[in-house]
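Here's the structure we're looking at; comments come further down.
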There are 2 protein chains.
Amino acid sequence: MVTIEDVARAAGVSRQTVSRVINRGPNVKAEVRQRVEALVEALGYVPNLSARRMGGGRSFLILAVNDRARTLENWRAGRGNDWVDQMLYGGMTECERHGYHLVFELIDTGADVAVRQLANVIGALRPDGVILTPPHSENDALVALLDQRAIPCARIGYRGQGAHIDVYMDERRAAREITEHLLALGHRRLGFIAGTPSYGASRARIEGFRGAITSAGLPDDAGFVRNGDFKFETAAGIVAEALAQDPAPTAIIADNDEMAFAVLHVADREGVRVPDTLSVVSFEDTPGVRFSVPPLSAIRQPTAAMIEKACERLIAAASGEASAGCYELPYLYLERASIGPGPP
Amino acid sequence: MVTIEDVARAAGVSRQTVSRVINRGPNVKAEVRQRVEALVEALGYVPNLSARRMGGGRSFLILAVNDRARTLENWRAGRGNDWVDQMLYGGMTECERHGYHLVFELIDTGADVAVRQLANVIGALRPDGVILTPPHSENDALVALLDQRAIPCARIGYRGQGAHIDVYMDERRAAREITEHLLALGHRRLGFIAGTPSYGASRARIEGFRGAITSAGLPDDAGFVRNGDFKFETAAGIVAEALAQDPAPTAIIADNDEMAFAVLHVADREGVRVPDTLSVVSFEDTPGVRFSVPPLSAIRQPTAAMIEKACERLIAAASGEASAGCYELPYLYLERASIGPGPP
DNA sequence: ATCGGAAATGTGAGCGTTCACAATGACGGT
DNA sequence: ACCGTCATTGTGAACGCTCACATTTCCGAT
């Protein structure tokens with residue numbers, strides 16, 4: 001393999017000058033820079049990342065951390081992992097732009113285990129930045145560890161005090177807006193099937209849902225909230241019960257696609273037409289929703305964009321820029337056939 | 001950060017002895033080994049991968065290469081990327097088991113570009129092994145580059161001469177078996193909507209499909225083949241035309257889910273009931289198929305298992321074991337409601 | 001011509017490992 | 001007690017880069 005020394009020799013300069021050229025450092029004569037660049041190209045020289053890291057302390061690696069249980073569960077269930085997929089998309093694209101590489105790892109949820117596992121990974125890899133996704137983004141012990149090791153950290157789906165890089169969307173506003181949208185369509189009896197309360201975004205959405213109902217001057221029982229667990233079966237039970245009420249809800253918001261599918265399924269079984277007598281909206285928008293019958297309207301987290309932003313800020317941080325801050329990204333609302341006007 | 005030297009000092013041994021312990025080398029007294037291991041744990045020592053790579057030539061990195069166009073297209077279309085997702089699952093799980101890390105990269109399709117891009121990535125990362133997925137697994141220039149750099153390489157979905165690590169499933173047999181299954185159900189008029197002919201697996205499946213028809217003693221026109229492009233629209237056109245034939249096919253096999261969805265869509269539009277008068281099978285099985293109406297029967301590539309196997313063999317190769325060879329993995333056939341008996 | 005200072009370039013050291021080899025220790029056989 | 005052998009441990013050097021600093025070159029002002 002050709003090293004920096006080979007290029008230096010060929011160009012008749014010292015390795016440090018070649019190093020300056022690669023790193024776009026100042027104080028290199030234009031003529032020399034060109035000559036070196038040509039040689040780099042001609043010899044096919046590619047700087048060795050390990051050596052760069054040894055010499056200069058930068059690894060050109062960004063570590064993206066996901067929750068093991070949640071990720072594996074999706075995989076094992078054959079359910080796919082759109083979140084992971086979107087992360088990869090946003091992360092890789094941005095990393096590539098800056099000559100960085102993305103390494104994806106899973107760590108467990110428990111506080112102690114998580115810290116130990118993260119310590120191991122950053123010890124081995126020495127990434128220039130770490131992306132924490134829910135629920136790890138809410139784990140202060142992990143953030144403390146990274147702070148102590150002076151590794152910049154970006155939290156996804158979490159809004160802190162501005163001392164770190166926080167990238168998120170406004171879950172509450174999204175829930176509020178979609179609820180207002182349904183109210184404007186004439187719905188007066190709404191249901192929200194939430195996920196587990198431990199899920200921060202879920203709590204925020206419930207707030208938004210309730211807020212919209214209250215602000216519209218409607219009685220509290222115009223909108224009911226039930227906690228599911230993101231699973232089909234549980235949600236199906238909740239839906240069956242809800243549809244049996246009198247008056248029955250004319251619109252249901254589900255916290256994720258699987259539960260929204262349960263709504264469609266039960267509605268079909270009970271002879272309730274969607275969207276004619278029941279409107280359905282989901283808070284996830286995995287690829288499958290386009291093929292459900294009818295296709296689901298959904299609010300989608302800007303996952304790829306969030307990870308892209310996180311990478312961008314982390315790389316900036318590694319380059320010495322000040323980059324902490326709170327970055328709110330807009331969500332997408334994708335209206336499809338599962339939503340329609342309320343009762344006359 | 002604590003280094004090997006710190007551990008050595010604390011244990012009262014030399015760094016080389018600590019190195020032997022970490023690498024499970026021979027010739028270390030049990031008592032010393034224990035003492036060192038305890039200290040490693042106590043001090044939280046984690047070997048620095050960059051330094052390891054500098055000293056010993058091993059990077060503990062596996063590089064997984066995917067096709068950029070195909071991957072990005074899926075992402076941009078909001079279609080998700082089950083393949084990538086499955087790769088990650090199988091790859092990470094296996095890498096983690098051996099203290100390895102998986103790095104995922106995209107490269108373009110053209111021969112020259114691909115070689116240049118791969119050269120850049122392996123130059124920077126110096127991975128201990130590279131996984132090539134279709135269509136790169138069929139690109140000899142890439143394999144030659146890796147051979148020249150002495151980096152072990154695993155090809156997914158391709159069967160070579162045994163000089164490399166090839167991991168694949170028998171596409172032809174899968175197609176043959178599903179066709180035979182349809183014939184056994186009484187279908188006598190079958191259609192195969194293939195992808196683009198440049199896709200090797202697609203060609204193999206066509207062979208299997210035709211083989212089954214012929215072996216059953218049926219005339220060639222009992223099974224027709226049409227080339228689509230994996231896209232909904234094109235497939236929809238093909239299906240509309242096919243269903244208008246007399247006699248119309250009673251079973252259609254599609255090369256991927258999107259085209260299978262097109263079959264369902266057109267059938268519904270034309271008033272053809274699935275599975276009553278038309279059976280549908282897909283060759284992909286992304287998560288969404290479970291939610292289609294009716295759910296699609298499908299043959300699924302053992303993607304995660306293939307990548308897992310590839311990683312396992314690559315890591316073995318990096319550890320000095322002989323590991324080249326051809327590894328055929330079993331596919332899965334998932335029968336769902338889209339398939340039924342043929343006409344009486 | 002001379003000098004000062006900035007721009008351009010070069011030099012030694014060090015990053016944390018492993019390698020190849022050297023040195024020491026232990027143990028059994030004579 | 002002594003030697004050979006093997007097991008165990010230690011020692012420089014090297015890997016390919018960047019850092020901090022030293023040196024040289026250049027240019028305009030005196």
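Going by the structure tokens order, chains are called A, B, ..., each with residues numbered from 1, while ligands are numbered from 1 in the order shown.
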Problem set entry | Backbone DSSP call of alpha helix (DSSP H) for range 17-107 of chain B, listed as a PyMOL selection string | chain B and resi 17-22+30-43+49-56+68-76+82-97
Which residues, written as a PDB file with all heavy atoms, in the first residue's frame, have at least one atom at most 12 Å from DA20 in chain C, with only C-alpha atoms (C1' of nucleotides) counted and residues fewer than 6 positions away on the same chain left out?
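And here's result09.pdb as it stands now:
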ATOM      1  P    DT D  11      12.015  -5.143  29.957  1.00  0.00           P
ATOM      2  OP1  DT D  11      13.110  -4.677  30.820  1.00  0.00           O
ATOM      3  OP2  DT D  11      10.679  -4.542  30.056  1.00  0.00           O
ATOM      4  O5'  DT D  11      12.508  -5.041  28.447  1.00  0.00           O
ATOM      5  C5'  DT D  11      13.646  -5.792  28.050  1.00  0.00           C
ATOM      6  C4'  DT D  11      14.005  -5.451  26.601  1.00  0.00           C
ATOM      7  O4'  DT D  11      13.198  -6.241  25.700  1.00  0.00           O
ATOM      8  C3'  DT D  11      13.783  -3.987  26.227  1.00  0.00           C
ATOM      9  O3'  DT D  11      14.947  -3.529  25.565  1.00  0.00           O
ATOM     10  C2'  DT D  11      12.570  -4.009  25.317  1.00  0.00           C
ATOM     11  C1'  DT D  11      12.636  -5.405  24.712  1.00  0.00           C
ATOM     12  N1   DT D  11      11.301  -5.998  24.361  1.00  0.00           N
ATOM     13  C2   DT D  11      11.153  -6.594  23.131  1.00  0.00           C
ATOM     14  O2   DT D  11      12.034  -6.653  22.309  1.00  0.00           O
ATOM     15  N3   DT D  11       9.912  -7.122  22.918  1.00  0.00           N
ATOM     16  C4   DT D  11       8.829  -7.120  23.784  1.00  0.00           C
ATOM     17  O4   DT D  11       7.764  -7.638  23.477  1.00  0.00           O
ATOM     18  C5   DT D  11       9.071  -6.480  25.050  1.00  0.00           C
ATOM     19  C7   DT D  11       7.965  -6.424  26.065  1.00  0.00           C
ATOM     20  C6   DT D  11      10.269  -5.952  25.283  1.00  0.00           C
ATOM     21  P    DG D  12      15.244  -1.968  25.467  1.00  0.00           P
ATOM     22  OP1  DG D  12      16.721  -1.807  25.451  1.00  0.00           O
ATOM     23  OP2  DG D  12      14.418  -1.248  26.452  1.00  0.00           O
ATOM     24  O5'  DG D  12      14.682  -1.632  24.020  1.00  0.00           O
ATOM     25  C5'  DG D  12      15.606  -1.214  23.063  1.00  0.00           C
ATOM     26  C4'  DG D  12      15.328  -1.888  21.716  1.00  0.00           C
ATOM     27  O4'  DG D  12      14.249  -2.820  21.830  1.00  0.00           O
ATOM     28  C3'  DG D  12      14.932  -0.852  20.670  1.00  0.00           C
ATOM     29  O3'  DG D  12      15.814  -0.971  19.578  1.00  0.00           O
ATOM     30  C2'  DG D  12      13.502  -1.185  20.310  1.00  0.00           C
ATOM     31  C1'  DG D  12      13.337  -2.621  20.762  1.00  0.00           C
ATOM     32  N9   DG D  12      11.991  -2.894  21.280  1.00  0.00           N
ATOM     33  C8   DG D  12      11.443  -2.452  22.460  1.00  0.00           C
ATOM     34  N7   DG D  12      10.232  -2.890  22.667  1.00  0.00           N
ATOM     35  C5   DG D  12       9.953  -3.655  21.544  1.00  0.00           C
ATOM     36  C6   DG D  12       8.798  -4.381  21.186  1.00  0.00           C
ATOM     37  O6   DG D  12       7.745  -4.496  21.828  1.00  0.00           O
ATOM     38  N1   DG D  12       8.933  -5.014  19.966  1.00  0.00           N
ATOM     39  C2   DG D  12      10.055  -4.968  19.181  1.00  0.00           C
ATOM     40  N2   DG D  12      10.007  -5.644  18.044  1.00  0.00           N
ATOM     41  N3   DG D  12      11.151  -4.308  19.499  1.00  0.00           N
ATOM     42  C4   DG D  12      11.029  -3.673  20.683  1.00  0.00           C
ATOM     43  P    DA D  13      15.854   0.200  18.505  1.00  0.00           P
ATOM     44  OP1  DA D  13      17.213   0.147  17.918  1.00  0.00           O
ATOM     45  OP2  DA D  13      15.336   1.431  19.143  1.00  0.00           O
ATOM     46  O5'  DA D  13      14.786  -0.297  17.422  1.00  0.00           O
ATOM     47  C5'  DA D  13      14.834  -1.658  16.986  1.00  0.00           C
ATOM     48  C4'  DA D  13      13.655  -1.923  16.076  1.00  0.00           C
ATOM     49  O4'  DA D  13      12.481  -2.253  16.873  1.00  0.00           O
ATOM     50  C3'  DA D  13      13.256  -0.745  15.187  1.00  0.00           C
ATOM     51  O3'  DA D  13      12.997  -1.249  13.903  1.00  0.00           O
ATOM     52  C2'  DA D  13      12.009  -0.193  15.859  1.00  0.00           C
ATOM     53  C1'  DA D  13      11.392  -1.471  16.420  1.00  0.00           C
ATOM     54  N9   DA D  13      10.481  -1.285  17.554  1.00  0.00           N
ATOM     55  C8   DA D  13      10.653  -0.470  18.638  1.00  0.00           C
ATOM     56  N7   DA D  13       9.672  -0.520  19.504  1.00  0.00           N
ATOM     57  C5   DA D  13       8.794  -1.436  18.950  1.00  0.00           C
ATOM     58  C6   DA D  13       7.549  -1.935  19.381  1.00  0.00           C
ATOM     59  N6   DA D  13       6.954  -1.564  20.515  1.00  0.00           N
ATOM     60  N1   DA D  13       6.934  -2.836  18.585  1.00  0.00           N
ATOM     61  C2   DA D  13       7.523  -3.208  17.441  1.00  0.00           C
ATOM     62  N3   DA D  13       8.689  -2.807  16.935  1.00  0.00           N
ATOM     63  C4   DA D  13       9.278  -1.914  17.752  1.00  0.00           C
ATOM     64  P    DA D  14      12.968  -0.243  12.656  1.00  0.00           P
ATOM     65  OP1  DA D  14      13.866  -0.814  11.642  1.00  0.00           O
ATOM     66  OP2  DA D  14      13.123   1.153  13.125  1.00  0.00           O
ATOM     67  O5'  DA D  14      11.465  -0.425  12.165  1.00  0.00           O
ATOM     68  C5'  DA D  14      10.902  -1.732  12.037  1.00  0.00           C
ATOM     69  C4'  DA D  14       9.408  -1.611  12.050  1.00  0.00           C
ATOM     70  O4'  DA D  14       8.943  -1.425  13.413  1.00  0.00           O
ATOM     71  C3'  DA D  14       8.859  -0.422  11.241  1.00  0.00           C
ATOM     72  O3'  DA D  14       8.048  -0.910  10.206  1.00  0.00           O
ATOM     73  C2'  DA D  14       8.067   0.398  12.249  1.00  0.00           C
ATOM     74  C1'  DA D  14       7.812  -0.585  13.381  1.00  0.00           C
ATOM     75  N9   DA D  14       7.686   0.025  14.703  1.00  0.00           N
ATOM     76  C8   DA D  14       8.490   0.956  15.284  1.00  0.00           C
ATOM     77  N7   DA D  14       8.113   1.308  16.492  1.00  0.00           N
ATOM     78  C5   DA D  14       6.969   0.557  16.718  1.00  0.00           C
ATOM     79  C6   DA D  14       6.096   0.468  17.800  1.00  0.00           C
ATOM     80  N6   DA D  14       6.237   1.167  18.922  1.00  0.00           N
ATOM     81  N1   DA D  14       5.048  -0.389  17.689  1.00  0.00           N
ATOM     82  C2   DA D  14       4.908  -1.092  16.562  1.00  0.00           C
ATOM     83  N3   DA D  14       5.675  -1.097  15.471  1.00  0.00           N
ATOM     84  C4   DA D  14       6.694  -0.240  15.617  1.00  0.00           C
TER      85       DA D  14
END
Exercise. Got a sec to tell me which of range 31-215 of chain A DSSP assigns to strand (DSSP E), as a PyMOL selection string?
Worked result: chain A and resi 61-67+101-107+129-132+153-156+165-168+190-194
Problem set entry | Surrounding residues of range 203-214 of chain B excluding itself and chain neighbours under 3 positions, 12 Å, only C-alpha atoms (C1' of nucleotides), as a ChimeraX atom specification | /B:157-159,169-184,187-200,217-227,252-256,282-283,299
Per-residue nearest contacts chain D to chain A, cut-off 6 Å, using only C-alpha atoms (C1' of nucleotides), as a Markdown table:
| residue | atom | partner | partner_atom | distance |
| --- | --- | --- | --- | --- |
| D:DG16 | C1' | A:Ala51 | CA | 4.9 |
| D:DC17 | C1' | A:Ala51 | CA | 4.6 |
| D:DT18 | C1' | A:Gly55 | CA | 4.5 |
Selection above as a file: C-alpha atoms (C1' of nucleotides), as a PDB file, in the first residue's frame:
ATOM      1  C1'  DG D  16       1.548   5.721   9.105  1.00  0.00           C
ATOM      2  C1'  DC D  17       0.137   9.519  10.472  1.00  0.00           C
ATOM      3  C1'  DT D  18      -0.121  14.498  12.943  1.00  0.00           C
TER       4       DT D  18
END
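Contact shell of DC21 in chain D at 12 Å (only C-alpha atoms (C1' of nucleotides); same-chain neighbours under 3 positions omitted): DG10, DT11, DG12 and DA13 of chain C.
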Take the selection from the previous step and output its residues with N, CA, C and O atoms (P, O5', C5', C4', C3', O3' and C1' of nucleotides), as a compact mmCIF listing (two decimals), in the first residue's frame.
# COMPACT_ATOMS: atom_id res chain seq x y z
P DG C 10 9.83 20.29 2.06
O5' DG C 10 10.52 20.14 3.48
C5' DG C 10 11.76 20.78 3.70
C4' DG C 10 12.25 20.53 5.12
C3' DG C 10 12.34 19.05 5.52
O3' DG C 10 13.59 18.85 6.14
C1' DG C 10 11.05 20.27 7.11
P DT C 11 14.09 17.41 6.52
O5' DT C 11 13.85 17.37 8.09
C5' DT C 11 14.43 18.37 8.90
C4' DT C 11 14.21 18.05 10.36
C3' DT C 11 14.30 16.56 10.71
O3' DT C 11 15.13 16.42 11.85
C1' DT C 11 12.23 17.46 11.46
P DG C 12 15.74 15.01 12.23
O5' DG C 12 14.96 14.71 13.60
C5' DG C 12 15.19 15.58 14.71
C4' DG C 12 14.12 15.38 15.76
C3' DG C 12 14.02 13.96 16.32
O3' DG C 12 14.03 14.05 17.74
C1' DG C 12 11.88 14.70 15.57
P DA C 13 13.94 12.74 18.64
O5' DA C 13 12.43 12.80 19.14
C5' DA C 13 11.87 14.07 19.52
C4' DA C 13 10.40 13.90 19.85
C3' DA C 13 10.08 12.58 20.56
O3' DA C 13 9.18 12.86 21.61
C1' DA C 13 8.76 12.78 18.62
Taking only C-alpha atoms (C1' of nucleotides) into account, produce a table as CSV in which each residue of chain C with an atom at most 10 Å from an atom of chain A appears once, together with its shortest atom pair and the distance in Å to one decimal, ordered by chain and rising number.
residue,atom,partner,partner_atom,distance
C:DA7,C1',A:Asn27,CA,6.3
C:DA8,C1',A:Asn27,CA,5.7
C:DT9,C1',A:Thr17,CA,7.0
C:DG10,C1',A:Ser14,CA,6.3
C:DT11,C1',A:Ser14,CA,9.3
C:DG14,C1',A:Gly55,CA,7.8
C:DC15,C1',A:Met54,CA,4.7
C:DG16,C1',A:Met54,CA,7.6
Exercise. Any idea which chain B residues end up within 9 Å of chain A if we count only C-alpha atoms, as number ranges by chain please?
Worked result: B: 1, 44-54, 59, 71-72, 75, 78-82, 84-86, 88-89, 92, 96, 101-106, 116, 119-126, 149, 261, 286-293
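Separating CA of Gln117 in chain A from CA of Asn74 in chain A is a distance of 21.1 Å.
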Problem set entry | Residues within 9 Å of range 109-115 of chain B, only C-alpha atoms (C1' of nucleotides), excluding chain neighbours under 2 positions, as a ChimeraX atom specification | /B:67-69,107,117-120,135-136,139,141-142,145
For this session: Do a neighbour search on range 274-276 of chain A at 12 Å with only C-alpha atoms (C1' of nucleotides), toss out local chain neighbours closer than 6 positions, and write the hits as a PyMOL selection string.
Result: chain A and resi 182+185+187+250-252+260-261+263-268+292-297+336-344
Problem set entry | Straight-line distance linking CA of Val130 in chain B with CA of Asp108 in chain B, stated in Å to one decimal | 15.8 Å
For this session: Write out as a ChimeraX atom specification which residues come within 12 Å of Cys153 in chain B when counting only C-alpha atoms (C1' of nucleotides), dropping same-chain ones fewer than 2 positions away.
Result: /B:62-65,122,127-133,136-137,140,142-151,155-156,162-167,307,310-318,323-325
For this session: Calculate how many Å separate CA of Met87 in chain A from CA of Ala154 in chain A, rounding to one decimal.
Result: 13.2 Å
